[in-house]
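Everything below concerns the one structure shown next.
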Amino acid sequence: MAVADIPTGETSEREFASGVPDKVLHIDDVHKSFAGLHALSNVDLDVRHGETHAIIGPNGAGKSTLLNVCVGRLPPDRGAVIFDGHVLTGKTPHEINQLGVARVFQTPEVFLDLSVLQNVMVPALSKRDGPFKLNPFAAFAGETEIRDEAEAVIASVGLADHMRDTASSLSRGDKRRLELAMCLIQHPKLLLLDEPTAGMARHDTNATIDLLKRIKEGGMTKVIIEHDMHVVFSLADRITVLAGGRIIAQGRPEEIKNNPKVKEAYLGEEQV
Amino acid sequence: MIATFSRSDWLLLIAFIVIVLTLPWTMQPIGAAYPDLLQKFAIYGIFAIGFNILFGLTGYLSFGHAAFLGVGSYAALWSFKLLTMNVLPALALSIAVAGVFAFLIGYVSLRRSGIYFAILTLAFAQMSYNLAYSVLTPITNGETGLQVRAIRDSAATSLRDGDVRVIDQFLGIPEIGVPISNLFGMKMSGYSGFYFCAALLILGFFLALCISRSNFGMVLKAIKSNRNRLEYTGVNTRPYLIAAFVISGMYAGLAGSLLSITDPIAGAERMQWTASGEVVLMTILGGAGTLVGPVLGAGVIKYAEQKVSSWNEGILHNAVALLPEPLQDLLVWFFSFFVGEGWHLTLGLMFMIIVIFLPGGLMEGFRRLRRAFSGGRSADSAKTATTSTVQEKS
């Protein structure tokens, strides 16, 4: 579907054409409800090329729902998600990934029965071969170029010592790193991270921040959902705050810090 | 592909070839070295290898694979009746028809996963079985079963009066007595029939090895491991699953064809759910996801079916002849429940024991034995064992 075919009509088309410059992701008036409960209402959001955009909010604010709408896991009741000129609404997760959107889940989703190397090589094959290629005689062991690249990516996330281990034998933090490597090898245009440091010890969290900063230097656009304010303010170029399924604030980290609405709705007494 | 086989792959392949080809000698001590049983080892080995491509690699449990076995059998019989008693067209036709049939069933069934998929495949297989007994009687010959007959005397008579075999007639191949399937004149009965089946078993094993070591095979393993994640890495899993289902169905069609080749009569009972359940047992018993396990499971079950079912009290008495008579009687009384018609009890117990104590099947048992005999290297083997299991399984 081209941008001109956006189901929400003229507004979104106009906004996409003339709104925020150099934007990669445009979320246009998205609504989503579950059994009468409004998980998302009138959500409009733009993510610029190369920026790290954090989405924060208290539990039940609709952050994960928004991410699920972006990657095709949940269809919005109304509105559209536009990425790099393509309307994502109605597309399947594999189609969205093939357009250049990769996702890190809240709970690490890896191939537990496969080795770390195989875990990273499979997404690389998908990137090269597309969504389907019947190749029963193309030897996996013969993919030396992809293996070399996978080994380099695995080393870059600090899992070089676990290359041949099964993913099930990794710690939770290492599984997160592995999942990140699975995304990075695809060189996505947009990386969506759902609480990438949840459940991590401070040391692992700092290591992940360092890793994501390094990725930032590569110019990849990232959207991060995170509860840990240390992570958010270490990484984010811009922040969107959700509460009750609505956007209550958007802006640069220092603007969000001083926003009274945010303090009231989310940060409360924490006083960032 | 072959160039990238590891040393262990080559060793596995060579060992498999040697073991299969020497079965007529190695099976003698356990009384299984006669052609009929050896043919069944090979045929059901092919069936199980194919089933394992679907179940072992993707984790999708089909309860309807007997339908493809039956379709393959009927297709081969029709090739014998209409074309020639040469087995090659029969093989080609069976594989092609089973492939088309598998595509149709797979296309619908693979819209669901888990128990729903299993029930859908079971429903399709039972539907096929019942159709074979009812409305499809002109094709299947109903309860009597489809079989080859002598070539009919006149073209004016119907197929009920005799077969056609247009290729054999065109080539002027003489037919004396009961028509027997052949490979350019070599009869497909007895040991020649076994070696023909064995050659196809080796070919089937080699292809399964290639698939398992390929990019395609790796995607299938990833589907089994985490289909959701795979979708988010850009892979459209459905066509991969359909391809695995069709390949698996074609293996079943080949096995069905070989059943007709070695014994040219096909009945609808080959499509019954018990036959589908049998291949599930074979695969789980031997070790789902392993290359050798399903073949081993097929061998064990076919051996039990043929041999244990033929044992009687006399054989049991001979086996315990050295013991005192009262003890003999007690043991014979007890074990008589597990032999003869009670062989299913033996099979059931064996299956329960394997599933409870060796969830990875007989192959897991061998791995444990190997680890135990490798001598005290198990201290740090917990980690490496997991890794090696992945490599062996993959």
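Residue numbering restarts at 1 for every chain of the structure tokens, chains are lettered A, B, ... in their displayed order, and ligands are numbered from 1 as they appear.
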Who sits within 12 Å of Asp84 of chain A, only C-alpha atoms, same chain under 5 positions skipped, as a list in words
Ala2, Val3, Phe16, Ala17, Asp22, Lys23, Val24, Leu25, His26, Ile27, Asp46, Val47, Arg48, His49, Ile96, Leu99, Gly100, Val101, Pro188, Lys189, Leu190 and Thr221 of chain A
Quick one: residues within 12 Å of Ala319 of chain B, only C-alpha atoms counted, chain neighbours fewer than 3 positions away excluded, as a PyMOL selection string?
chain B and resi 311-316+322-323+328-329+331-332+335
Write a file of the just-selected residues containing N, CA and C atoms, as a PDB file, in the first residue's frame.
```pdb
ATOM      1  N   TRP B 311       5.345 -65.379  18.451  1.00  0.00           N
ATOM      2  CA  TRP B 311       5.792 -66.230  19.553  1.00  0.00           C
ATOM      3  C   TRP B 311       4.567 -66.835  20.264  1.00  0.00           C
ATOM      4  N   ASN B 312       4.775 -68.063  20.742  1.00  0.00           N
ATOM      5  CA  ASN B 312       3.691 -68.723  21.482  1.00  0.00           C
ATOM      6  C   ASN B 312       4.265 -69.370  22.745  1.00  0.00           C
ATOM      7  N   GLU B 313       3.431 -70.103  23.448  1.00  0.00           N
ATOM      8  CA  GLU B 313       3.873 -70.689  24.715  1.00  0.00           C
ATOM      9  C   GLU B 313       5.012 -71.685  24.509  1.00  0.00           C
ATOM     10  N   GLY B 314       4.966 -72.404  23.395  1.00  0.00           N
ATOM     11  CA  GLY B 314       6.032 -73.371  23.105  1.00  0.00           C
ATOM     12  C   GLY B 314       7.387 -72.690  23.018  1.00  0.00           C
ATOM     13  N   ILE B 315       7.433 -71.562  22.302  1.00  0.00           N
ATOM     14  CA  ILE B 315       8.696 -70.817  22.154  1.00  0.00           C
ATOM     15  C   ILE B 315       9.146 -70.292  23.521  1.00  0.00           C
ATOM     16  N   LEU B 316       8.177 -69.825  24.324  1.00  0.00           N
ATOM     17  CA  LEU B 316       8.532 -69.320  25.660  1.00  0.00           C
ATOM     18  C   LEU B 316       9.089 -70.446  26.537  1.00  0.00           C
ATOM     19  N   LEU B 322      15.794 -74.190  30.860  1.00  0.00           N
ATOM     20  CA  LEU B 322      16.796 -74.563  31.857  1.00  0.00           C
ATOM     21  C   LEU B 322      16.307 -74.344  33.295  1.00  0.00           C
ATOM     22  N   LEU B 323      15.219 -73.623  33.462  1.00  0.00           N
ATOM     23  CA  LEU B 323      14.730 -73.307  34.816  1.00  0.00           C
ATOM     24  C   LEU B 323      13.870 -74.458  35.357  1.00  0.00           C
ATOM     25  N   GLN B 328       9.277 -72.254  35.408  1.00  0.00           N
ATOM     26  CA  GLN B 328       9.024 -72.194  33.960  1.00  0.00           C
ATOM     27  C   GLN B 328       7.560 -71.848  33.694  1.00  0.00           C
ATOM     28  N   ASP B 329       6.677 -72.611  34.357  1.00  0.00           N
ATOM     29  CA  ASP B 329       5.244 -72.423  34.126  1.00  0.00           C
ATOM     30  C   ASP B 329       4.802 -71.010  34.506  1.00  0.00           C
ATOM     31  N   LEU B 331       6.681 -68.280  34.622  1.00  0.00           N
ATOM     32  CA  LEU B 331       7.210 -67.291  33.668  1.00  0.00           C
ATOM     33  C   LEU B 331       6.468 -67.355  32.342  1.00  0.00           C
ATOM     34  N   VAL B 332       6.208 -68.569  31.885  1.00  0.00           N
ATOM     35  CA  VAL B 332       5.501 -68.715  30.608  1.00  0.00           C
ATOM     36  C   VAL B 332       4.088 -68.127  30.730  1.00  0.00           C
ATOM     37  N   PHE B 335       4.586 -64.231  30.750  1.00  0.00           N
ATOM     38  CA  PHE B 335       5.018 -63.620  29.485  1.00  0.00           C
ATOM     39  C   PHE B 335       4.084 -63.934  28.315  1.00  0.00           C
TER      40      PHE B 335
END
```
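Distances to Ala92 of chain B were evaluated for B:Ala75, B:Ile356, B:Leu369, B:Met271 using only C-alpha atoms, and the minimum falls at B:Ala75.
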For atom CA of Ile139 of chain B and atom CA of Trp78 of chain B, quote the distance in Å rounded to one decimal.
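If I compute the distance from atom CA of Ile139 of chain B to atom CA of Trp78 of chain B, I get 8.6 Å.
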Counting only C-alpha atoms, the residue among B:Lys221, B:Lys307, B:Arg165, B:Arg160 that lies closest to Ile30 of chain B is B:Lys307
For Ala61 of chain A, please output as a CSV table (one decimal) with N, CA and C atoms, in the first residue's frame all residues within 7 Å (counting only C-alpha atoms; exclusion window: fewer than 3 positions along the same chain).
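See result-v3.csv below for the written result:
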```
chain,number,residue,atom,x,y,z
A,57,GLY,N,6.1,5.7,30.3
A,57,GLY,CA,4.7,5.8,30.8
A,57,GLY,C,4.6,4.8,31.9
A,58,PRO,N,3.6,5.0,32.8
A,58,PRO,CA,3.4,4.1,33.9
A,58,PRO,C,2.8,2.7,33.3
A,242,LEU,N,3.4,8.4,27.5
A,242,LEU,CA,2.0,7.9,27.4
A,242,LEU,C,1.4,7.8,28.8
A,243,ALA,N,0.1,8.1,28.9
A,243,ALA,CA,-0.6,7.8,30.1
A,243,ALA,C,-2.0,7.5,29.8
A,244,GLY,N,-2.5,6.4,30.2
A,244,GLY,CA,-3.9,6.0,29.9
A,244,GLY,C,-4.2,5.9,28.4
A,245,GLY,N,-3.2,5.5,27.6
A,245,GLY,CA,-3.3,5.4,26.2
A,245,GLY,C,-3.2,6.6,25.4
```
For the atom pair atom CA of Glu264 of chain A and atom CA of His38 of chain A, what is the interatomic distance in Å to one decimal place?
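We find that atom CA of Glu264 of chain A and atom CA of His38 of chain A lie 20.7 Å from each other.
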For a quick check of understanding, using only C-alpha atoms, which of B:Tyr116, B:Trp25, B:Tyr251, B:Phe196 has the smallest distance to Phe51 of chain B?
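Nearest candidate to Phe51 of chain B out of B:Tyr116, B:Trp25, B:Tyr251, B:Phe196: B:Tyr251.
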What are the residues of chain A that have an atom within 10 Å of an atom of chain B, counting only C-alpha atoms, as a count of residues only?
59
In Å, rounded to a single decimal, give me how far atom CA of Gly99 of chain B is from atom CA of Leu159 of chain B.
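Separating atom CA of Leu159 of chain B from atom CA of Gly99 of chain B is a distance of 26.4 Å.
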Could you pull the residues within 12 Å of Asn42 of chain A, counting only C-alpha atoms, minus those fewer than 3 positions along the same chain, as a ChimeraX atom specification?
/A:27-33,38-39,45,62,66,76-80,242,244-248
Please dump the current selection as a CSV table (one decimal), in the first residue's frame; keep N, CA and C atoms.
```csv
chain,number,residue,atom,x,y,z
A,27,ILE,N,3.3,7.6,13.2
A,27,ILE,CA,2.1,7.0,13.8
A,27,ILE,C,1.0,8.0,13.7
A,28,ASP,N,-0.1,7.6,13.0
A,28,ASP,CA,-1.1,8.6,12.7
A,28,ASP,C,-2.4,8.3,13.3
A,29,ASP,N,-2.8,9.0,14.4
A,29,ASP,CA,-4.1,8.9,15.0
A,29,ASP,C,-4.5,7.5,15.3
A,30,VAL,N,-3.6,6.8,15.9
A,30,VAL,CA,-3.9,5.3,16.2
A,30,VAL,C,-4.8,5.2,17.4
A,31,HIS,N,-5.8,4.3,17.3
A,31,HIS,CA,-6.7,3.9,18.4
A,31,HIS,C,-6.7,2.4,18.5
A,32,LYS,N,-6.7,2.0,19.7
A,32,LYS,CA,-6.8,0.5,20.0
A,32,LYS,C,-7.5,0.3,21.3
A,33,SER,N,-8.5,-0.5,21.3
A,33,SER,CA,-9.2,-0.8,22.6
A,33,SER,C,-9.4,-2.3,22.7
A,38,HIS,N,-9.8,1.6,26.5
A,38,HIS,CA,-9.0,2.3,25.5
A,38,HIS,C,-7.5,2.2,25.8
A,39,ALA,N,-6.8,1.3,25.1
A,39,ALA,CA,-5.4,1.1,25.3
A,39,ALA,C,-4.6,2.2,24.6
A,45,LEU,N,2.6,10.2,16.5
A,45,LEU,CA,4.0,10.2,16.9
A,45,LEU,C,4.9,10.2,15.6
A,62,GLY,N,0.0,1.8,27.7
A,62,GLY,CA,-0.2,1.5,26.3
A,62,GLY,C,1.1,1.4,25.5
A,66,LEU,N,1.4,-0.1,21.7
A,66,LEU,CA,1.8,0.8,20.6
A,66,LEU,C,2.9,0.0,19.7
A,76,PRO,N,-4.6,-1.9,14.5
A,76,PRO,CA,-5.3,-0.8,15.2
A,76,PRO,C,-6.7,-0.7,14.8
A,77,ASP,N,-7.6,-0.2,15.7
A,77,ASP,CA,-9.0,0.0,15.4
A,77,ASP,C,-9.1,1.1,14.4
A,78,ARG,N,-8.3,2.1,14.5
A,78,ARG,CA,-8.3,3.2,13.6
A,78,ARG,C,-6.9,3.8,13.5
A,79,GLY,N,-6.6,4.5,12.4
A,79,GLY,CA,-5.3,5.1,12.2
A,79,GLY,C,-4.4,4.2,11.5
A,80,ALA,N,-3.2,4.7,11.3
A,80,ALA,CA,-2.2,4.0,10.5
A,80,ALA,C,-0.8,4.2,11.0
A,242,LEU,N,3.4,8.4,27.5
A,242,LEU,CA,2.0,7.9,27.4
A,242,LEU,C,1.4,7.8,28.8
A,244,GLY,N,-2.5,6.4,30.2
A,244,GLY,CA,-3.9,6.0,29.9
A,244,GLY,C,-4.2,5.9,28.4
A,245,GLY,N,-3.2,5.5,27.6
A,245,GLY,CA,-3.3,5.4,26.2
A,245,GLY,C,-3.2,6.6,25.4
A,246,ARG,N,-2.9,7.8,26.1
A,246,ARG,CA,-2.8,9.1,25.4
A,246,ARG,C,-1.4,9.6,25.5
A,247,ILE,N,-1.0,10.4,24.6
A,247,ILE,CA,0.3,11.1,24.7
A,247,ILE,C,0.1,12.3,25.5
A,248,ILE,N,0.8,12.4,26.6
A,248,ILE,CA,0.6,13.6,27.5
A,248,ILE,C,1.8,14.6,27.3
```
